file target_16.csv (CSV, C-alpha atoms and all ligand atoms)
chain,number,residue,atom,x,y,z
K,280,MET,CA,136.0,159.5,117.1
K,281,LEU,CA,132.5,160.5,116.2
K,282,ILE,CA,130.6,158.1,114.0
K,283,LYS,CA,128.0,159.7,111.7
K,284,ARG,CA,125.2,157.2,111.2
K,285,SER,CA,123.5,156.6,107.9
K,286,ASP,CA,120.2,158.0,109.4
K,287,GLY,CA,122.0,161.1,110.5
K,288,LEU,CA,121.9,160.4,114.2
K,289,ILE,CA,124.9,160.2,116.4
K,290,LEU,CA,124.3,157.7,119.1
K,291,PRO,CA,126.5,158.3,122.2
K,292,SER,CA,126.9,154.6,122.7
K,293,ASP,CA,128.4,154.4,119.2
K,294,ILE,CA,131.1,156.6,120.5
K,295,THR,CA,132.1,155.7,124.0
K,296,PRO,CA,130.8,153.8,127.0
K,297,ARG,CA,128.2,155.6,129.1
K,298,ALA,CA,130.5,156.5,132.0
K,299,VAL,CA,132.8,158.3,129.6
K,300,PHE,CA,130.2,160.0,127.6
K,301,GLU,CA,128.3,161.0,130.7
K,302,SER,CA,131.3,163.0,131.7
K,303,ARG,CA,131.2,164.6,128.2
K,304,ARG,CA,127.5,165.6,128.5
K,305,GLY,CA,128.3,169.3,128.2
K,306,PHE,CA,130.1,168.7,125.0
K,307,ILE,CA,127.6,166.2,123.5
K,308,LYS,CA,124.7,168.5,124.4
K,309,GLN,CA,126.1,171.0,122.0
K,310,LEU,CA,125.9,168.5,119.1
K,311,ALA,CA,123.0,169.0,116.9
K,312,VAL,CA,121.3,165.6,116.8
K,313,GLY,CA,120.3,166.0,113.2
K,314,GLY,CA,118.4,163.9,110.7
K,315,ALA,CA,114.9,162.4,110.8
K,316,ALA,CA,114.0,160.2,113.7
K,317,SER,CA,113.7,156.7,112.3
K,318,ALA,CA,110.3,155.1,112.0
K,319,GLY,CA,108.8,156.3,115.2
K,320,LEU,CA,111.2,154.6,117.6
K,321,ILE,CA,113.4,157.5,118.1
K,322,ASP,CA,111.0,160.2,119.3
K,323,MET,CA,111.8,163.7,120.5
K,324,ALA,CA,112.3,162.5,124.1
K,325,SER,CA,114.8,159.9,122.9
K,326,ARG,CA,116.7,162.5,120.8
K,327,GLU,CA,116.9,164.6,123.9
K,328,ALA,CA,118.2,161.5,125.7
K,329,PHE,CA,120.9,161.1,123.1
K,330,ALA,CA,121.9,164.6,123.7
K,331,GLN,CA,122.2,163.9,127.3
K,332,GLY,CA,124.3,160.8,126.8
K,333,LEU,CA,121.7,158.1,127.5
K,334,ASN,CA,120.5,155.3,125.4
K,335,PRO,CA,117.1,155.8,123.8
K,336,LYS,CA,114.2,155.0,126.1
K,337,LEU,CA,112.0,152.0,125.5
K,338,ALA,CA,108.5,152.1,126.9
K,339,ALA,CA,107.6,148.7,128.4
K,340,LYS,CA,105.0,147.5,131.0
K,341,LEU,CA,106.4,145.4,133.9
K,342,ASN,CA,105.3,141.8,133.7
K,343,PRO,CA,105.1,140.9,137.4
K,344,ALA,CA,104.3,137.2,136.6
K,345,TYR,CA,107.7,136.8,135.2
K,346,SER,CA,109.7,139.2,137.4
K,347,ALA,CA,112.0,138.3,140.3
K,348,LEU,CA,111.5,140.3,143.5
K,349,ASP,CA,115.3,140.3,144.2
K,350,LYS,CA,117.1,143.6,144.6
K,351,GLN,CA,118.1,144.8,141.1
K,352,SER,CA,121.7,145.1,140.2
K,353,ALA,CA,123.1,148.6,139.7
K,354,TYR,CA,123.1,149.8,136.1
K,355,LYS,CA,126.8,150.5,136.5
K,356,ASP,CA,127.6,146.9,137.5
K,357,ALA,CA,125.4,145.4,134.8
K,358,THR,CA,127.1,147.5,132.1
K,359,SER,CA,130.7,147.4,133.3
K,360,TYR,CA,131.1,143.7,134.4
K,361,ASN,CA,130.4,141.7,131.2
K,362,ASN,CA,131.2,138.7,129.1
K,363,PHE,CA,131.3,139.5,125.4
K,364,TYR,CA,134.4,137.8,124.0
K,365,GLU,CA,134.0,139.5,120.7
K,366,PHE,CA,135.4,142.5,122.5
K,367,GLY,CA,138.0,140.8,124.7
K,368,THR,CA,138.1,138.3,127.6
K,369,ASP,CA,138.4,140.7,130.6
K,370,LYS,CA,135.1,141.7,132.3
K,371,SER,CA,135.9,145.3,131.7
K,372,ASP,CA,136.7,144.9,127.9
K,373,PRO,CA,133.2,145.0,126.6
K,374,ALA,CA,132.4,148.4,128.3
K,375,GLN,CA,135.8,149.7,127.1
K,376,TYR,CA,135.8,148.5,123.5
K,377,ALA,CA,132.2,147.9,122.4
K,378,GLY,CA,131.8,151.5,121.3
K,379,THR,CA,132.8,150.3,117.8
K,380,LEU,CA,129.7,148.1,117.5
K,381,LYS,CA,127.1,149.8,115.3
K,382,PRO,CA,123.7,148.6,116.4
K,383,ARG,CA,121.8,150.5,113.7
K,384,PRO,CA,121.0,149.8,111.0
K,385,TRP,CA,120.6,146.1,111.9
K,386,THR,CA,118.7,143.1,110.5
K,387,VAL,CA,118.0,139.7,111.8
K,388,SER,CA,117.4,137.0,109.3
K,389,ILE,CA,115.2,134.1,110.3
K,390,GLU,CA,115.5,131.1,108.2
K,391,GLY,CA,115.7,127.3,107.9
K,392,GLU,CA,112.8,125.0,108.7
K,393,VAL,CA,110.1,127.7,108.6
K,394,LYS,CA,107.1,128.3,106.3
K,395,LYS,CA,107.7,132.1,106.4
K,396,PRO,CA,111.4,133.0,106.4
K,397,MET,CA,111.9,136.7,107.0
K,398,THR,CA,114.4,139.4,107.6
K,399,LEU,CA,113.4,141.9,110.2
K,400,ASP,CA,115.0,145.2,110.9
K,401,LEU,CA,115.1,146.7,114.3
K,402,ASP,CA,112.0,148.7,114.0
K,403,ALA,CA,110.1,145.6,112.8
K,404,LEU,CA,111.4,143.7,115.8
K,405,LEU,CA,110.4,146.5,118.2
K,406,LYS,CA,106.9,146.5,116.8
K,407,LEU,CA,106.4,142.7,116.5
K,408,ALA,CA,104.8,142.3,120.0
K,409,PRO,CA,104.2,144.6,123.0
K,410,LEU,CA,107.4,145.2,124.9
K,411,GLU,CA,107.5,144.0,128.5
K,412,GLU,CA,109.9,144.6,131.4
K,413,ARG,CA,111.0,141.5,133.1
K,414,VAL,CA,113.3,141.4,136.1
K,415,TYR,CA,115.4,138.2,135.6
K,416,ARG,CA,118.2,136.7,137.6
K,417,LEU,CA,121.1,135.8,135.3
K,418,ARG,CA,123.5,133.3,136.6
K,419,CYS,CA,126.9,133.1,134.9
K,420,VAL,CA,128.6,129.7,134.6
K,421,GLU,CA,131.6,131.3,136.3
K,422,GLY,CA,129.7,131.6,139.6
K,423,TRP,CA,128.4,135.2,139.7
K,424,SER,CA,124.9,136.5,139.2
K,425,MET,CA,123.0,139.7,138.6
K,426,VAL,CA,119.4,140.8,138.6
K,427,ILE,CA,118.5,142.9,135.6
K,428,PRO,CA,115.2,144.5,134.4
K,429,TRP,CA,115.3,143.4,130.7
K,430,VAL,CA,112.9,144.7,128.0
K,431,GLY,CA,111.5,142.5,125.3
K,432,TYR,CA,108.9,139.8,124.6
K,433,SER,CA,108.7,136.1,124.6
K,434,PHE,CA,110.6,134.5,121.7
K,435,SER,CA,107.5,132.5,121.1
K,436,GLU,CA,106.1,135.6,119.4
K,437,ILE,CA,108.8,135.2,116.7
K,438,ILE,CA,108.0,131.4,116.4
K,439,LYS,CA,104.4,132.2,115.8
K,440,LYS,CA,105.3,134.6,112.9
K,441,VAL,CA,107.7,132.4,111.0
K,442,GLU,CA,105.6,129.2,111.4
K,443,PRO,CA,108.2,126.4,111.9
K,444,THR,CA,107.8,123.2,109.8
K,445,GLY,CA,107.5,119.8,111.5
K,446,ASN,CA,111.2,119.4,110.9
K,447,ALA,CA,112.2,122.3,113.2
K,448,LYS,CA,113.5,120.5,116.3
K,449,TYR,CA,116.0,123.2,117.5
K,450,VAL,CA,116.7,126.9,117.1
K,451,GLU,CA,120.1,128.2,116.5
K,452,PHE,CA,121.1,131.8,117.4
K,453,ILE,CA,124.1,133.3,115.6
K,454,SER,CA,125.8,136.5,116.7
K,455,LEU,CA,127.5,139.1,114.6
K,456,ALA,CA,131.2,138.3,113.9
K,457,ASP,CA,132.7,141.4,112.2
K,458,LYS,CA,136.4,142.0,112.8
K,459,LYS,CA,136.0,145.6,111.8
K,460,GLN,CA,133.5,146.3,114.7
K,461,MET,CA,134.7,143.6,117.1
K,462,PRO,CA,138.4,143.5,117.9
K,463,GLY,CA,138.1,140.1,119.8
K,464,VAL,CA,136.9,138.3,116.7
K,465,GLY,CA,140.5,138.2,115.5
K,466,SER,CA,141.4,136.0,118.5
K,467,ARG,CA,141.2,132.2,118.6
K,468,VAL,CA,139.5,131.9,121.9
K,469,LEU,CA,136.3,130.7,120.3
K,470,ASN,CA,135.2,129.6,116.8
K,471,TRP,CA,133.4,132.7,115.5
K,472,PRO,CA,130.6,133.4,115.1
K,473,TYR,CA,129.3,132.8,118.6
K,474,VAL,CA,126.5,130.3,118.2
K,475,GLU,CA,124.0,129.2,120.7
K,476,GLY,CA,120.9,127.0,120.6
K,477,LEU,CA,117.8,125.7,122.2
K,478,ARG,CA,115.4,122.8,121.7
K,479,ILE,CA,112.2,124.1,120.1
K,480,ASP,CA,110.1,123.6,123.2
K,481,GLU,CA,112.7,125.6,125.3
K,482,ALA,CA,112.6,128.4,122.7
K,483,ASN,CA,108.8,128.3,123.0
K,484,HIS,CA,108.8,128.6,126.8
K,485,PRO,CA,107.4,132.0,127.8
K,486,LEU,CA,110.4,132.8,129.9
K,487,ALA,CA,112.7,132.8,126.8
K,488,LEU,CA,113.0,136.5,126.2
K,489,LEU,CA,113.9,138.1,122.9
K,490,THR,CA,115.6,141.1,124.4
K,491,LEU,CA,115.9,144.6,123.0
K,492,GLY,CA,116.6,146.7,126.1
K,493,MET,CA,117.4,146.9,129.8
K,494,TYR,CA,116.7,149.4,132.6
K,495,GLY,CA,114.0,151.1,130.3
K,496,GLU,CA,116.5,151.9,127.6
K,497,THR,CA,117.8,150.2,124.4
K,498,LEU,CA,120.6,147.7,125.1
K,499,PRO,CA,124.0,149.2,125.6
K,500,ASN,CA,126.5,147.7,123.2
K,501,GLN,CA,128.4,145.8,125.8
K,502,ASN,CA,125.2,144.0,126.8
K,503,GLY,CA,124.5,142.7,123.3
K,504,ALA,CA,122.9,145.6,121.3
K,505,PRO,CA,120.6,145.7,119.6
K,506,VAL,CA,119.0,142.3,120.1
K,507,ARG,CA,119.9,139.3,122.2
K,508,MET,CA,118.3,136.4,124.1
K,509,VAL,CA,117.9,136.1,127.8
K,510,LEU,CA,117.3,132.6,129.2
K,511,PRO,CA,117.2,133.0,133.0
K,512,TRP,CA,117.1,129.3,133.9
K,513,LYS,CA,120.3,128.6,132.0
K,514,TYR,CA,123.8,129.6,132.5
K,515,GLY,CA,124.5,133.1,131.0
K,516,PHE,CA,126.5,131.9,128.0
K,517,LYS,CA,123.3,130.4,126.5
K,518,SER,CA,122.0,134.0,126.1
K,519,ALA,CA,123.6,135.0,122.8
K,520,LYS,CA,124.2,138.7,122.2
K,521,SER,CA,124.0,140.9,119.1
K,522,ILE,CA,122.1,138.3,117.1
K,523,VAL,CA,122.1,138.6,113.3
K,524,LYS,CA,120.6,135.2,112.3
K,525,ILE,CA,118.1,132.7,113.8
K,526,ARG,CA,117.9,129.3,112.2
K,527,PHE,CA,115.2,126.6,112.8
K,528,VAL,CA,117.0,123.3,112.3
K,529,LYS,CA,116.5,119.5,112.5
K,530,GLU,CA,119.7,118.7,114.3
K,531,GLN,CA,121.1,119.9,117.7
K,532,PRO,CA,123.2,123.0,116.9
K,533,ARG,CA,127.0,122.9,117.4
K,534,THR,CA,127.3,125.7,119.9
K,535,ALA,CA,130.4,127.8,120.4
K,536,TRP,CA,131.2,126.9,124.0
K,537,ASN,CA,130.3,123.3,123.6
K,538,GLN,CA,132.7,123.1,120.6
K,539,ALA,CA,135.5,124.8,122.5
K,540,ALA,CA,135.2,122.6,125.6
K,541,PRO,CA,132.6,119.8,125.3
K,542,ALA,CA,133.4,118.3,128.7
K,543,GLU,CA,132.8,121.6,130.5
K,544,TYR,CA,129.9,123.2,128.6
K,545,GLY,CA,126.9,121.0,127.6
K,546,PHE,CA,124.2,121.9,125.2
K,547,TYR,CA,121.5,122.2,127.8
K,548,SER,CA,123.5,124.2,130.5
K,549,ASN,CA,120.5,124.5,132.8
K,550,VAL,CA,121.6,126.1,136.1
K,551,ASN,CA,122.0,123.1,138.4
K,552,PRO,CA,123.7,123.3,141.8
K,553,GLU,CA,124.0,119.5,141.8
K,554,VAL,CA,126.2,119.2,138.7
K,555,ASP,CA,129.6,120.8,139.2
K,556,HIS,CA,131.7,122.3,136.5
K,557,PRO,CA,134.7,119.9,136.1
K,558,ARG,CA,136.9,122.7,137.6
K,559,TRP,CA,134.6,124.2,140.2
K,560,SER,CA,131.4,123.8,142.2
K,561,GLN,CA,128.1,125.2,141.0
K,562,ALA,CA,126.4,125.0,144.4
K,563,SER,CA,126.8,128.7,145.2
K,564,GLU,CA,127.2,132.1,143.6
K,565,ARG,CA,128.2,135.7,144.3
K,566,ARG,CA,125.7,138.4,143.5
K,567,ILE,CA,127.6,141.2,141.9
K,568,GLY,CA,127.3,144.5,143.8
K,569,GLU,CA,125.9,142.7,146.9
K,570,ASP,CA,128.2,139.9,148.0
K,571,GLY,CA,131.7,141.1,148.6
K,572,PHE,CA,134.7,138.8,147.9
K,573,LEU,CA,134.8,137.9,151.6
K,574,ALA,CA,131.1,137.4,152.1
K,575,ARG,CA,129.6,134.0,152.2
K,576,LYS,CA,128.3,133.0,148.8
K,577,ARG,CA,124.6,132.4,148.3
K,578,LYS,CA,123.1,129.1,147.4
K,579,THR,CA,122.4,128.5,143.7
K,580,LEU,CA,118.9,127.3,143.0
K,581,MET,CA,117.9,124.5,140.6
K,582,PHE,CA,117.0,126.1,137.3
K,583,ASN,CA,118.1,129.4,138.9
K,584,GLY,CA,114.8,129.3,140.8
K,585,TYR,CA,112.7,129.1,137.7
K,586,SER,CA,111.0,125.8,138.6
K,587,ASP,CA,108.3,126.3,135.9
K,588,VAL,CA,110.7,124.9,133.4
K,589,ALA,CA,111.3,121.6,135.1
K,590,SER,CA,108.6,119.7,133.2
K,591,MET,CA,110.5,120.2,130.0
K,592,TYR,CA,113.2,118.0,131.3
K,593,SER,CA,111.2,115.3,133.1
K,594,GLY,CA,112.7,111.9,132.5
K,595,MET,CA,116.0,113.3,131.4
K,596,ASP,CA,119.2,112.5,133.3
K,597,LEU,CA,120.5,116.1,133.9
K,598,LYS,CA,123.9,114.8,134.9
K,599,LYS,CA,124.3,113.3,131.4
K,600,PHE,CA,122.5,116.2,129.6
K,601,PHE,CA,124.3,119.0,131.5
K,701,LIG,N1,127.1,136.4,123.4
K,701,LIG,C1,128.2,136.6,122.6
K,701,LIG,N2,127.9,136.8,121.3
K,701,LIG,N3,129.5,136.6,123.0
K,701,LIG,C2,129.8,136.3,124.3
K,701,LIG,O1,131.0,136.3,124.7
K,701,LIG,N4,129.0,135.8,126.6
K,701,LIG,C3,127.9,135.1,127.3
K,701,LIG,C4,126.5,135.7,127.0
K,701,LIG,N5,126.3,136.0,125.6
K,701,LIG,C5,128.7,136.1,125.2
K,701,LIG,C6,127.4,136.1,124.8
K,701,LIG,C7,128.1,135.0,128.7
K,701,LIG,S1,129.4,133.9,129.2
K,701,LIG,C8,127.3,135.6,129.7
K,701,LIG,S2,127.5,135.4,131.3
K,701,LIG,C9,126.3,136.6,129.2
K,701,LIG,O2,126.4,136.9,127.8
K,701,LIG,C10,126.6,138.0,129.9
K,701,LIG,O3,125.7,138.9,129.6
K,701,LIG,P1,125.8,140.4,130.3
K,701,LIG,O4,127.2,140.9,130.0
K,701,LIG,O5,124.8,141.2,129.6
K,701,LIG,O6,125.6,140.2,131.8
call {"tool": "encode", "arguments": {"input": "target_16.csv", "output": "structure tokens"}}
result
Amino acid sequence: MLIKRSDGLILPSDITPRAVFESRRGFIKQLAVGGAASAGLIDMASREAFAQGLNPKLAAKLNPAYSALDKQSAYKDATSYNNFYEFGTDKSDPAQYAGTLKPRPWTVSIEGEVKKPMTLDLDALLKLAPLEERVYRLRCVEGWSMVIPWVGYSFSEIIKKVEPTGNAKYVEFISLADKKQMPGVGSRVLNWPYVEGLRIDEANHPLALLTLGMYGETLPNQNGAPVRMVLPWKYGFKSAKSIVKIRFVKEQPRTAWNQAAPAEYGFYSNVNPEVDHPRWSQASERRIGEDGFLARKRKTLMFNGYSDVASMYSGMDLKKFF
């Protein structure tokens, strides 16, 4: 089914996953990608990209200071092996079903303990700070990892804009929960919406990335379009996808996975090879696309190798605050 967007553009990722629409290039090329390009983001090259079945390009400068040198995961793996329970619990479900998510138009409301609450649309978010490419390792709590070139900027840029009050001790990230767009939201697997949270100093750490793209393109739906967090020193579930609301709050947020299974998923969830999940070891991991099922797993590093963050937790018992 083709979805005609309010701005007149037909975004291939609105329709089908990339693999499917790539095979339909010939057909899609014939579609007139009509309507005015919105607010400068969607330039002629991007419209051509739509016509070729790609996500719109996002220009970003590599930030080597915050980029891992590990071999990057293949785009195909990063976009077909996902966790996004709003679209189902199988790794292949998000790529298969997230075509119904409409990432445009989109707004994120920023509220709570801030002097300047605001609602930002996607173009405002894209223009808020210079976009950087950062190659981050992402380690899932389930024991697999990937290395992805994300596009975005430090979340601290948002913090600067909204000016938190002295009461803002935590930040809560709330994902879209729309049954019409997200078939998994009807399930009872989690309490919807998906909620995640950080302590304010964690949210202010330069590694915390407000993410709008990957591999030089806007985010594919299955990876959390159009805007998500990426927190490379924490287990992947801390990095909420498809965010619609950000709240600065006094109390520690009640996060989705912590509510579902408090003994298994703590609030902090820093990658820690010394603290096992109650049902499995966290000492090693399998890099998707590199380590086959029979290969020896690689060692998991404390804070996923991002040792810069350690000072935020000095004096804390990380077995207790897992
Ligand atoms: N965000 C939402 N809204 N819903 C989810 O199910 N899954 C999390 C996280 N963010 C999830 C989410 C988990 S468990 C992981 S490992 C990462 O997204 C996966 O991100 P990726 O699919 O882009 O690799």
call {"tool": "residues_near_ligand", "arguments": {"input": "target_16.csv", "ligand": "ligand LIG 701 (chain K)", "cutoff": "8 Å", "atoms": "all atoms listed in the file", "output": "ChimeraX atom specification"}}
result
/K:357-358,360-366,368,417-421,425,453-455,472-474,501-503,507,514-522
call {"tool": "atom_distance", "arguments": {"input": "target_16.csv", "atom1": "atom CA of K:Ala344", "atom2": "atom CA of K:Ile437"}}
result
20.5 Å
call {"tool": "closest_residue", "arguments": {"input": "target_16.csv", "among": "K:Asn549, K:Lys394, K:Ala353, K:Gly431", "to": "K:Leu498", "atoms": "all atoms listed in the file"}}
result
K:Gly431
call {"tool": "closest_residue", "arguments": {"input": "target_16.csv", "among": "K:Met493, K:Thr444, K:Glu475, K:Ile438", "to": "K:Thr534", "atoms": "all atoms listed in the file"}}
result
K:Glu475
call {"tool": "closest_residue", "arguments": {"input": "target_16.csv", "among": "K:Leu348, K:Ala504, K:Leu510, K:Leu380", "to": "K:His484", "atoms": "only C-alpha atoms"}}
result
K:Leu510
call {"tool": "atom_distance", "arguments": {"input": "target_16.csv", "atom1": "atom CA of K:Lys513", "atom2": "atom CA of K:Tyr449"}}
result
16.1 Å
call {"tool": "atom_distance", "arguments": {"input": "target_16.csv", "atom1": "atom CA of K:Asn446", "atom2": "atom CA of K:Pro532"}}
result
13.9 Å
call {"tool": "residues_around", "arguments": {"input": "target_16.csv", "residues": "stretch 403-409 of chain K", "least_positions_apart": "5", "cutoff": "12 Å", "atoms": "all atoms listed in the file", "output": "PyMOL selection string"}}
result
chain K and resi 317-321+337-342+384-389+397-398+430-441+488-492+497+505-507
call {"tool": "closest_atom_pairs", "arguments": {"input": "target_16.csv", "of": "stretch 495-561 of chain K", "to": "stretch 565-577 of chain K", "cutoff": "12 Å", "atoms": "all atoms listed in the file", "output": "Markdown table"}}
result
| residue | atom | partner | partner_atom | distance |
| --- | --- | --- | --- | --- |
| K:Pro552 | CA | K:Arg577 | CA | 11.2 |
| K:Ser560 | CA | K:Lys576 | CA | 11.7 |
| K:Gln561 | CA | K:Arg577 | CA | 10.8 |
call {"tool": "closest_residue", "arguments": {"input": "target_16.csv", "among": "K:Lys395, K:Lys598, K:Ser371, K:Ser593", "to": "K:His556", "atoms": "only C-alpha atoms"}}
result
K:Lys598
call {"tool": "closest_residue", "arguments": {"input": "target_16.csv", "among": "K:Val414, K:Leu580, K:Leu399, K:Ala535", "to": "K:Ser346", "atoms": "all atoms listed in the file"}}
result
K:Val414
